[in-house]
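A short worksheet on the structure shown next.
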Amino acid sequence: MSGPGTPGVLLVLDGWGHAPASEANALSAAKTPVLDGLRTSSPSALLEASGEAVGLLPGTVGNSEIGHMVIGAGRPLPYDSLLVQQRIDSGELRTDPLLASVLAALAASDKAFHLVGLCSDGQIHANVEHLAVLLGAAADHGVPRVWIHVVTDGRDVADGTAEHYLRRVKDLAEQAGKGTVATVSGRGYALDKAGNLSLTEQVVAVIADAEGPRAASPEEAVRAGERGDEWVPPTVITDTPDAPSSRIADRDAVLFFNFRSDRIQQLADGLVERWAATDRSVLPLSLAQYDTKAPIKALVGRADASGGLADELASAGLRSVRIAEAEKFEHVTYYINGRDATQRDVEEHHRITGDGPPDYRARPRMQLDQVVDAVVTAAARTEIPLVVANLANIDVVGHTGDFPATVSAAEATDEAVARIVEQAGAQGRWVLLVGDHGNAEVMARPGPDGVTRPYGGHTTNPVPVVLVPAPGAYAPDTLHDGTLADVAPTILALLGQKPGAAMTGRPLL
């Protein structure tokens with residue numbers, strides 16, 4: 001270990017997974033001499049970043065949210081998807097008192113139930129199978145109309161599979177005897193998180209007021225898109241001119257069934273604002289707990305993530321600087337702090353922004369140079385024991401499914417790591433590099449129909465962790481393999497602190 005009280009840099013390489021070289025592995029195809037060299041010359045190991053190791057269902061791919069939460073918490077945390085599934089398996093969700101009272105009121109007043117969410121089984125933001133219990137509960141209570149507002153994926157699952165998932169939605173509705181697809185919108189519009197309200201407003205219009213382009217079927221809406229499943233234009237589905245309107249009416253209820261909160265919050269707030277501005281009294285619900293501006297009652301709570309790295313640093317009075325591009329800023333602040341939006345007195349937050357939403361395929365460097373500048377500047381400050389930064393390129397560009405662009409993103413990341421490691425060493429700092437989940441190491445896979453397609457989603461592969469010791473400081477020959485829960489105890493050990501009492505992870509040293 002680098003020695004008690006040695007300052008350092010935690011560098012999260014988003015989407016940096018480990019897998020054998022292959023034609024689908026953008027990381028092995030990229031020229032990354034720095035990362036390759038560090039993995040062989042410095043203490044390194046592999047960490048589990050998916051499934052039960054981090055608090056997900058067995059076999060579930062990791063994601064940036066749970067990855068940063070577990071990195072910060074120092075222990076696996078039961079993720080929202082796991083908590084939801086446990087309540088489904090026990091039968092508690094279908095008979096949830098809040099849900100039951102809402103559905104009974106809808107049935108008694110001849111009002112509609114609207115279900116809004118991502119319809120795929122990617123398990124990052126939502127699971128289309130969760131619709132079964134919600135539609136079943138609506139059928140149990142005799143709700144007269146159940147409208148399903150489909151958000152198509154193309155990121156967490158292979159692009160070009162939206163029609164497969166639409167068939168699954170229809171199957172679930174037929175099995176329950178309730179549910180009609182009312183609108184279809186690509187996640188690029190519905191789950192925007194860059195603050196591009198013009199995208200969100202298009203989805204709000206079709207869901208809240210059935211205003212917008214129309215198609216005779218969900219499949220027709222998908223085929224009308226020219227940029228894949230992610231960018232299906234928000235569309236109202238109607239079979240005939242005199243079909244019942246899916247417009248959200250006064251005293252209807254809306255349930256958002258994404259279990260991950262961050263990407264759907266902008267849409268949820270937009271819908272609440274729309275019906276409030278038009279004097280409609282509508283009850284919003286969410287499957288899991290959201291951090292929206294408007295109060296939305298959740299059917300399933302969330303795990304306590306306190307007592308992690310941020311709390312331990314604050315308790316010890318150790319300052320930290322958090323740096324990331326807009327796409328990953330909340331991950332090095334809100335999520336790594338245990339889903340706590342409070343900026344502690346010992347923290348500085350630096351959000352790197354560009355002139356506008358970048359074309360990740362054309363600009364795989366993103367704002368990487370600004371991120372590196374900020375890290376280097378913070379590392380030169382002697383009063384800052386810990387710098388935490390996220391290099392987003394591998395993950396964000398990898399999500400496009402564009403192999404050459406992702407190779408370029410990995411090569412840019414390698415250059416950034418070289419500069420950060422050099423400057424950190426010059427300041428007497430160690431650097432701990434770690435992935436938060438796999439992504440760019442698998443960029444093609446078979447879809448539900450068996451056809452291999454470009455894939456921009458996450459994986460269940462382990463992630464590398466590498467310790468670059470402070471110059472002249474003692475370092476172990478290697479690190480032991482573990483999980484992301486071991487990262488926070490390792491950081492505290494390098495800073496000369498004991499792991500927190502709530503942490504079950506152990507130092508990798």
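Ligands are numbered from 1 in the order shown, chains are lettered A, B, ... in the order of the structure tokens, and residues start at 1 in each chain.
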Residues of region 129-152 of chain A that have any atom at most 7 Å from an atom of region 108-120 of chain A: could you tabulate them with the shortest-distance atom pair and the distance in Å to one decimal, using only C-alpha atoms, ordered by chain and increasing number, as CSV?
```
residue,atom,partner,partner_atom,distance
A:Val143,CA,A:Ala112,CA,6.9
A:Pro144,CA,A:Asp110,CA,6.2
A:Arg145,CA,A:Ala112,CA,4.8
A:Val146,CA,A:Phe113,CA,4.8
A:Trp147,CA,A:His114,CA,4.8
A:Ile148,CA,A:Leu115,CA,4.9
A:His149,CA,A:Val116,CA,4.8
A:Val150,CA,A:Gly117,CA,6.0
A:Val151,CA,A:Leu118,CA,4.4
A:Thr152,CA,A:Cys119,CA,5.9
```
Output file for the residues above (N, CA and C atoms, as a PDB file, in the first residue's frame):
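The resulting selection_3.pdb:
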```pdb
ATOM      1  N   VAL A 143     -60.466  -2.439 -13.639  1.00  0.00           N
ATOM      2  CA  VAL A 143     -60.217  -1.106 -14.202  1.00  0.00           C
ATOM      3  C   VAL A 143     -60.678  -1.114 -15.660  1.00  0.00           C
ATOM      4  N   PRO A 144     -61.496  -0.162 -16.070  1.00  0.00           N
ATOM      5  CA  PRO A 144     -62.103  -0.245 -17.409  1.00  0.00           C
ATOM      6  C   PRO A 144     -61.124  -0.066 -18.566  1.00  0.00           C
ATOM      7  N   ARG A 145     -60.150   0.818 -18.413  1.00  0.00           N
ATOM      8  CA  ARG A 145     -59.209   1.081 -19.500  1.00  0.00           C
ATOM      9  C   ARG A 145     -57.788   1.141 -18.946  1.00  0.00           C
ATOM     10  N   VAL A 146     -56.904   0.386 -19.565  1.00  0.00           N
ATOM     11  CA  VAL A 146     -55.491   0.405 -19.188  1.00  0.00           C
ATOM     12  C   VAL A 146     -54.685   0.722 -20.439  1.00  0.00           C
ATOM     13  N   TRP A 147     -54.024   1.864 -20.419  1.00  0.00           N
ATOM     14  CA  TRP A 147     -53.226   2.309 -21.554  1.00  0.00           C
ATOM     15  C   TRP A 147     -51.745   2.097 -21.258  1.00  0.00           C
ATOM     16  N   ILE A 148     -51.029   1.518 -22.213  1.00  0.00           N
ATOM     17  CA  ILE A 148     -49.598   1.273 -22.055  1.00  0.00           C
ATOM     18  C   ILE A 148     -48.835   2.229 -22.971  1.00  0.00           C
ATOM     19  N   HIS A 149     -47.990   3.038 -22.371  1.00  0.00           N
ATOM     20  CA  HIS A 149     -47.186   4.011 -23.106  1.00  0.00           C
ATOM     21  C   HIS A 149     -45.770   3.451 -23.214  1.00  0.00           C
ATOM     22  N   VAL A 150     -45.490   2.850 -24.347  1.00  0.00           N
ATOM     23  CA  VAL A 150     -44.257   2.088 -24.544  1.00  0.00           C
ATOM     24  C   VAL A 150     -43.082   3.014 -24.853  1.00  0.00           C
ATOM     25  N   VAL A 151     -41.974   2.787 -24.162  1.00  0.00           N
ATOM     26  CA  VAL A 151     -40.701   3.411 -24.507  1.00  0.00           C
ATOM     27  C   VAL A 151     -39.810   2.316 -25.078  1.00  0.00           C
ATOM     28  N   THR A 152     -39.367   2.478 -26.327  1.00  0.00           N
ATOM     29  CA  THR A 152     -38.519   1.468 -26.953  1.00  0.00           C
ATOM     30  C   THR A 152     -37.061   1.698 -26.562  1.00  0.00           C
TER      31      THR A 152
END
```
Go through region 451-472 of chain A residue by residue and, counting only C-alpha atoms, keep those with an atom at most 10 Å from region 47-51 of chain A; for each kept residue give the shortest atom pair and its distance in Å to one decimal, ordered by chain and increasing number, as CSV.
```
residue,atom,partner,partner_atom,distance
A:His458,CA,A:Ser50,CA,9.6
A:Thr459,CA,A:Ser50,CA,7.9
A:Thr460,CA,A:Ser50,CA,5.4
A:Asn461,CA,A:Glu48,CA,7.3
A:Pro462,CA,A:Glu48,CA,4.6
A:Val463,CA,A:Leu47,CA,5.3
A:Pro464,CA,A:Leu47,CA,6.3
A:Val465,CA,A:Leu47,CA,6.9
```
Now that the selection is made, can you save its residues with N, CA and C atoms as an mmCIF file, in the first residue's frame?
```
data_model
loop_
_atom_site.group_PDB
_atom_site.id
_atom_site.type_symbol
_atom_site.label_atom_id
_atom_site.label_comp_id
_atom_site.auth_asym_id
_atom_site.auth_seq_id
_atom_site.Cartn_x
_atom_site.Cartn_y
_atom_site.Cartn_z
ATOM 1 N N HIS A 458 -24.739 -3.185 -21.657
ATOM 2 C CA HIS A 458 -23.784 -3.608 -20.636
ATOM 3 C C HIS A 458 -23.612 -5.122 -20.646
ATOM 4 N N THR A 459 -22.663 -5.597 -19.845
ATOM 5 C CA THR A 459 -22.351 -7.024 -19.794
ATOM 6 C C THR A 459 -22.223 -7.490 -18.348
ATOM 7 N N THR A 460 -22.076 -8.797 -18.194
ATOM 8 C CA THR A 460 -21.839 -9.377 -16.865
ATOM 9 C C THR A 460 -20.362 -9.659 -16.633
ATOM 10 N N ASN A 461 -19.502 -9.177 -17.497
ATOM 11 C CA ASN A 461 -18.062 -9.430 -17.342
ATOM 12 C C ASN A 461 -17.492 -8.692 -16.140
ATOM 13 N N PRO A 462 -16.395 -9.216 -15.567
ATOM 14 C CA PRO A 462 -15.713 -8.476 -14.504
ATOM 15 C C PRO A 462 -15.049 -7.235 -15.068
ATOM 16 N N VAL A 463 -14.616 -6.365 -14.170
ATOM 17 C CA VAL A 463 -13.941 -5.131 -14.575
ATOM 18 C C VAL A 463 -12.538 -5.117 -13.993
ATOM 19 N N PRO A 464 -11.597 -4.499 -14.688
ATOM 20 C CA PRO A 464 -10.241 -4.396 -14.145
ATOM 21 C C PRO A 464 -10.167 -3.375 -13.011
ATOM 22 N N VAL A 465 -9.211 -3.608 -12.125
ATOM 23 C CA VAL A 465 -8.833 -2.603 -11.139
ATOM 24 C C VAL A 465 -7.312 -2.593 -11.105
#
```
Nearest-residue call for Pro78 (chain A), choices A:Gly301, A:Gly122, A:Gly482, A:Gly91, using only C-alpha atoms:
A:Gly301
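For the choices A:Ala485, A:Ala502, A:Ala190, A:Ala412, the atom-to-atom distance to Ile264 (chain A) is smallest for A:Ala190 when using only C-alpha atoms.
Distances to Ile491 (chain A) were evaluated for A:Gly438, A:Pro295, A:Gly308, A:Gly188 using only C-alpha atoms, and the minimum falls at A:Gly308.
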What does the distance from CA of Arg280 (chain A) to CA of Ala208 (chain A) come to in Å, to one decimal?
10.3 Å
Strand (DSSP E) residues, from DSSP on the backbone, in region 91-319 of chain A, as JSON, numbers by chain:
{"A": [112, 113, 114, 115, 116, 117, 118, 145, 146, 147, 148, 149, 150, 151, 152, 180, 181, 182, 183, 184, 185, 186, 214, 215, 235, 236, 237, 253, 254, 255, 256, 283, 284, 285, 286, 287, 288, 297, 298, 299, 300]}
Which of these residues is nearest to Arg274 (chain A), using only C-alpha atoms: A:Ala424, A:Ala294, A:Ala243, A:Leu467?
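Checking each of A:Ala424, A:Ala294, A:Ala243, A:Leu467 against Arg274 (chain A), counting only C-alpha atoms, the winner is A:Ala294.
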Neighbour list for Val206 (chain A) as a compact mmCIF listing (two decimals) with C-alpha atoms, in the first residue's frame, cut-off 7 Å, only C-alpha atoms, skip fewer than 5 positions in-chain:
```
# COMPACT_ATOMS: atom_id res chain seq x y z
CA THR A 183 -48.21 5.48 -27.55
CA GLU A 211 -51.15 14.96 -29.65
CA GLY A 212 -48.56 14.14 -32.26
CA PRO A 234 -43.16 9.82 -30.19
CA THR A 235 -46.31 8.48 -31.81
CA VAL A 236 -49.98 8.04 -30.86
```
With only C-alpha atoms as the atoms that count, which of A:Ile248, A:Leu318, A:Val376, A:Ile124 lies nearest to Arg263 (chain A)?
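Using only C-alpha atoms, the shortest distance to Arg263 (chain A) belongs to A:Ile124.
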Which residue gives the smallest distance to Phe259 (chain A) among A:Gln289, A:Pro404, A:Ala19, A:Leu77, with only C-alpha atoms counted?
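Among A:Gln289, A:Pro404, A:Ala19, A:Leu77, it is A:Gln289 that comes nearest to Phe259 (chain A).
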Output as a ChimeraX atom specification all residues of region 201-447 of chain A that backbone DSSP marks as helix (DSSP H, G or I).
/A:201-209,218-224,229-231,265-277,309-316,326-335,368-379,393-398,403-426
Val282 (chain A) environment, 10 Å, only C-alpha atoms, sequence neighbours closer than 3 positions dropped, as a list in words:
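Everything that qualifies: Ile248, Ala249, Asp250, Arg251, Asp252, Ala253, Val254, Leu271, Val272, Trp275, Ala276, Asp279 and Leu285 of chain A.
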Could those residues be written to a file, using N, CA and C atoms, as an mmCIF file, in the first residue's frame?
```
data_model
loop_
_atom_site.group_PDB
_atom_site.id
_atom_site.type_symbol
_atom_site.label_atom_id
_atom_site.label_comp_id
_atom_site.auth_asym_id
_atom_site.auth_seq_id
_atom_site.Cartn_x
_atom_site.Cartn_y
_atom_site.Cartn_z
ATOM 1 N N ILE A 248 -54.641 11.508 -21.112
ATOM 2 C CA ILE A 248 -54.770 11.409 -19.660
ATOM 3 C C ILE A 248 -55.852 12.378 -19.204
ATOM 4 N N ALA A 249 -56.884 11.831 -18.614
ATOM 5 C CA ALA A 249 -58.036 12.636 -18.210
ATOM 6 C C ALA A 249 -58.016 12.936 -16.719
ATOM 7 N N ASP A 250 -58.847 13.867 -16.329
ATOM 8 C CA ASP A 250 -58.987 14.214 -14.914
ATOM 9 C C ASP A 250 -59.355 12.968 -14.103
ATOM 10 N N ARG A 251 -58.630 12.757 -13.014
ATOM 11 C CA ARG A 251 -58.822 11.647 -12.060
ATOM 12 C C ARG A 251 -58.351 10.295 -12.609
ATOM 13 N N ASP A 252 -57.629 10.286 -13.729
ATOM 14 C CA ASP A 252 -56.912 9.075 -14.129
ATOM 15 C C ASP A 252 -55.718 8.876 -13.183
ATOM 16 N N ALA A 253 -55.053 7.735 -13.306
ATOM 17 C CA ALA A 253 -53.825 7.474 -12.549
ATOM 18 C C ALA A 253 -52.736 7.036 -13.522
ATOM 19 N N VAL A 254 -51.508 7.425 -13.221
ATOM 20 C CA VAL A 254 -50.349 7.093 -14.051
ATOM 21 C C VAL A 254 -49.311 6.395 -13.189
ATOM 22 N N LEU A 271 -44.720 15.443 -17.271
ATOM 23 C CA LEU A 271 -46.133 15.059 -17.317
ATOM 24 C C LEU A 271 -46.910 15.677 -16.162
ATOM 25 N N VAL A 272 -46.335 15.651 -14.969
ATOM 26 C CA VAL A 272 -47.012 16.248 -13.814
ATOM 27 C C VAL A 272 -47.254 17.738 -14.057
ATOM 28 N N TRP A 275 -50.241 18.221 -16.708
ATOM 29 C CA TRP A 275 -51.637 18.101 -16.270
ATOM 30 C C TRP A 275 -51.973 19.100 -15.153
ATOM 31 N N ALA A 276 -50.963 19.542 -14.399
ATOM 32 C CA ALA A 276 -51.232 20.589 -13.409
ATOM 33 C C ALA A 276 -51.586 21.902 -14.102
ATOM 34 N N ASP A 279 -55.234 21.912 -15.322
ATOM 35 C CA ASP A 279 -56.263 21.695 -14.292
ATOM 36 C C ASP A 279 -56.806 20.262 -14.295
ATOM 37 N N LEU A 285 -47.923 7.562 -9.706
ATOM 38 C CA LEU A 285 -47.273 6.534 -8.898
ATOM 39 C C LEU A 285 -46.004 6.095 -9.615
#
```
d(CA of Asn393 (chain A), CA of Ala268 (chain A)) in Å:
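Value for the CA of Asn393 (chain A)-CA of Ala268 (chain A) distance: 27.8 Å.
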Give me the residues of region 14-128 of chain A that have any atom at most 12 Å from an atom of region 338-352 of chain A; for each, the nearest atom pair and the distance in Å, rounded to one decimal. Use only C-alpha atoms, sort by chain and number, and format it as a Markdown table.
```
| residue | atom | partner | partner_atom | distance |
| --- | --- | --- | --- | --- |
| A:Glu65 | CA | A:Arg339 | CA | 9.3 |
| A:Ile66 | CA | A:Gly338 | CA | 9.7 |
| A:Gly67 | CA | A:Gly338 | CA | 11.1 |
| A:His68 | CA | A:Gly338 | CA | 8.6 |
| A:Met69 | CA | A:Gly338 | CA | 5.7 |
| A:Val70 | CA | A:Gly338 | CA | 8.3 |
| A:Ile71 | CA | A:Gly338 | CA | 9.6 |
| A:Gly72 | CA | A:Gly338 | CA | 6.7 |
| A:Ala73 | CA | A:Gly338 | CA | 6.4 |
| A:Gly74 | CA | A:Gly338 | CA | 10.2 |
| A:Arg75 | CA | A:Gly338 | CA | 11.0 |
| A:Pro76 | CA | A:Gly338 | CA | 11.6 |
| A:Leu77 | CA | A:Gly338 | CA | 9.8 |
| A:Tyr79 | CA | A:Arg339 | CA | 11.8 |
```
Store the residues picked out above in a file with N, CA and C atoms, as a compact mmCIF listing (two decimals), in the first residue's frame.
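Output file selection-v7.txt is given in full below:
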```txt
# COMPACT_ATOMS: atom_id res chain seq x y z
N GLU A 65 -25.20 3.18 -12.35
CA GLU A 65 -25.83 3.61 -11.11
C GLU A 65 -25.44 2.69 -9.96
N ILE A 66 -25.70 1.41 -10.09
CA ILE A 66 -25.37 0.48 -9.01
C ILE A 66 -23.86 0.35 -8.88
N GLY A 67 -23.13 0.48 -10.00
CA GLY A 67 -21.68 0.40 -9.92
C GLY A 67 -21.10 1.48 -9.02
N HIS A 68 -21.49 2.72 -9.24
CA HIS A 68 -20.98 3.80 -8.41
C HIS A 68 -21.52 3.74 -6.99
N MET A 69 -22.76 3.28 -6.83
CA MET A 69 -23.31 3.15 -5.48
C MET A 69 -22.52 2.15 -4.66
N VAL A 70 -22.18 1.02 -5.25
CA VAL A 70 -21.45 -0.01 -4.52
C VAL A 70 -20.00 0.41 -4.32
N ILE A 71 -19.41 1.06 -5.33
CA ILE A 71 -18.07 1.61 -5.14
C ILE A 71 -18.05 2.53 -3.92
N GLY A 72 -19.07 3.36 -3.79
CA GLY A 72 -19.12 4.29 -2.67
C GLY A 72 -19.53 3.66 -1.36
N ALA A 73 -20.45 2.71 -1.41
CA ALA A 73 -20.99 2.13 -0.17
C ALA A 73 -20.03 1.17 0.50
N GLY A 74 -19.18 0.51 -0.30
CA GLY A 74 -18.30 -0.48 0.29
C GLY A 74 -19.00 -1.76 0.66
N ARG A 75 -20.15 -1.99 0.05
CA ARG A 75 -20.92 -3.20 0.30
C ARG A 75 -21.93 -3.36 -0.83
N PRO A 76 -22.34 -4.58 -1.14
CA PRO A 76 -23.41 -4.73 -2.12
C PRO A 76 -24.71 -4.17 -1.57
N LEU A 77 -25.50 -3.56 -2.43
CA LEU A 77 -26.76 -2.95 -2.01
C LEU A 77 -27.90 -3.59 -2.79
N TYR A 79 -30.49 -3.75 -5.06
CA TYR A 79 -30.87 -2.75 -6.04
C TYR A 79 -32.39 -2.74 -6.20
```
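Put simply, CA of His480 (chain A) is 20.6 Å away from CA of Gly55 (chain A).
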Skip Ser320 (chain A) itself and residues of its chain fewer than 3 positions away, then list as a count of residues only all residues within 10 Å of it, counting only C-alpha atoms.
20
Each residue of region 121-142 of chain A lying at most 9 Å from region 167-170 of chain A should get a row with its shortest atom-to-atom pair and the distance in Å to one decimal, counting only C-alpha atoms; could you produce that, ordered by chain and increasing number, as JSON lines?
```
{"residue": "A:Val128", "atom": "CA", "partner": "A:Val169", "partner_atom": "CA", "distance": 7.2}
{"residue": "A:Glu129", "atom": "CA", "partner": "A:Val169", "partner_atom": "CA", "distance": 8.4}
{"residue": "A:Leu131", "atom": "CA", "partner": "A:Val169", "partner_atom": "CA", "distance": 7.8}
{"residue": "A:Ala132", "atom": "CA", "partner": "A:Val169", "partner_atom": "CA", "distance": 8.8}
```
For the residues in the current selection, export N, CA and C atoms as a JSON list (two decimals), in the first residue's frame.
```json
[["chain", "number", "residue", "atom", "x", "y", "z"],
["A", 128, "VAL", "N", -39.62, -5.41, -18.91],
["A", 128, "VAL", "CA", -40.95, -5.50, -19.50],
["A", 128, "VAL", "C", -41.82, -6.53, -18.79],
["A", 129, "GLU", "N", -41.21, -7.55, -18.18],
["A", 129, "GLU", "CA", -41.97, -8.58, -17.49],
["A", 129, "GLU", "C", -42.71, -8.05, -16.27],
["A", 131, "LEU", "N", -44.62, -5.69, -16.26],
["A", 131, "LEU", "CA", -45.97, -5.31, -16.68],
["A", 131, "LEU", "C", -46.99, -6.37, -16.30],
["A", 132, "ALA", "N", -46.56, -7.64, -16.24],
["A", 132, "ALA", "CA", -47.51, -8.73, -15.98],
["A", 132, "ALA", "C", -48.27, -8.52, -14.67]]
```
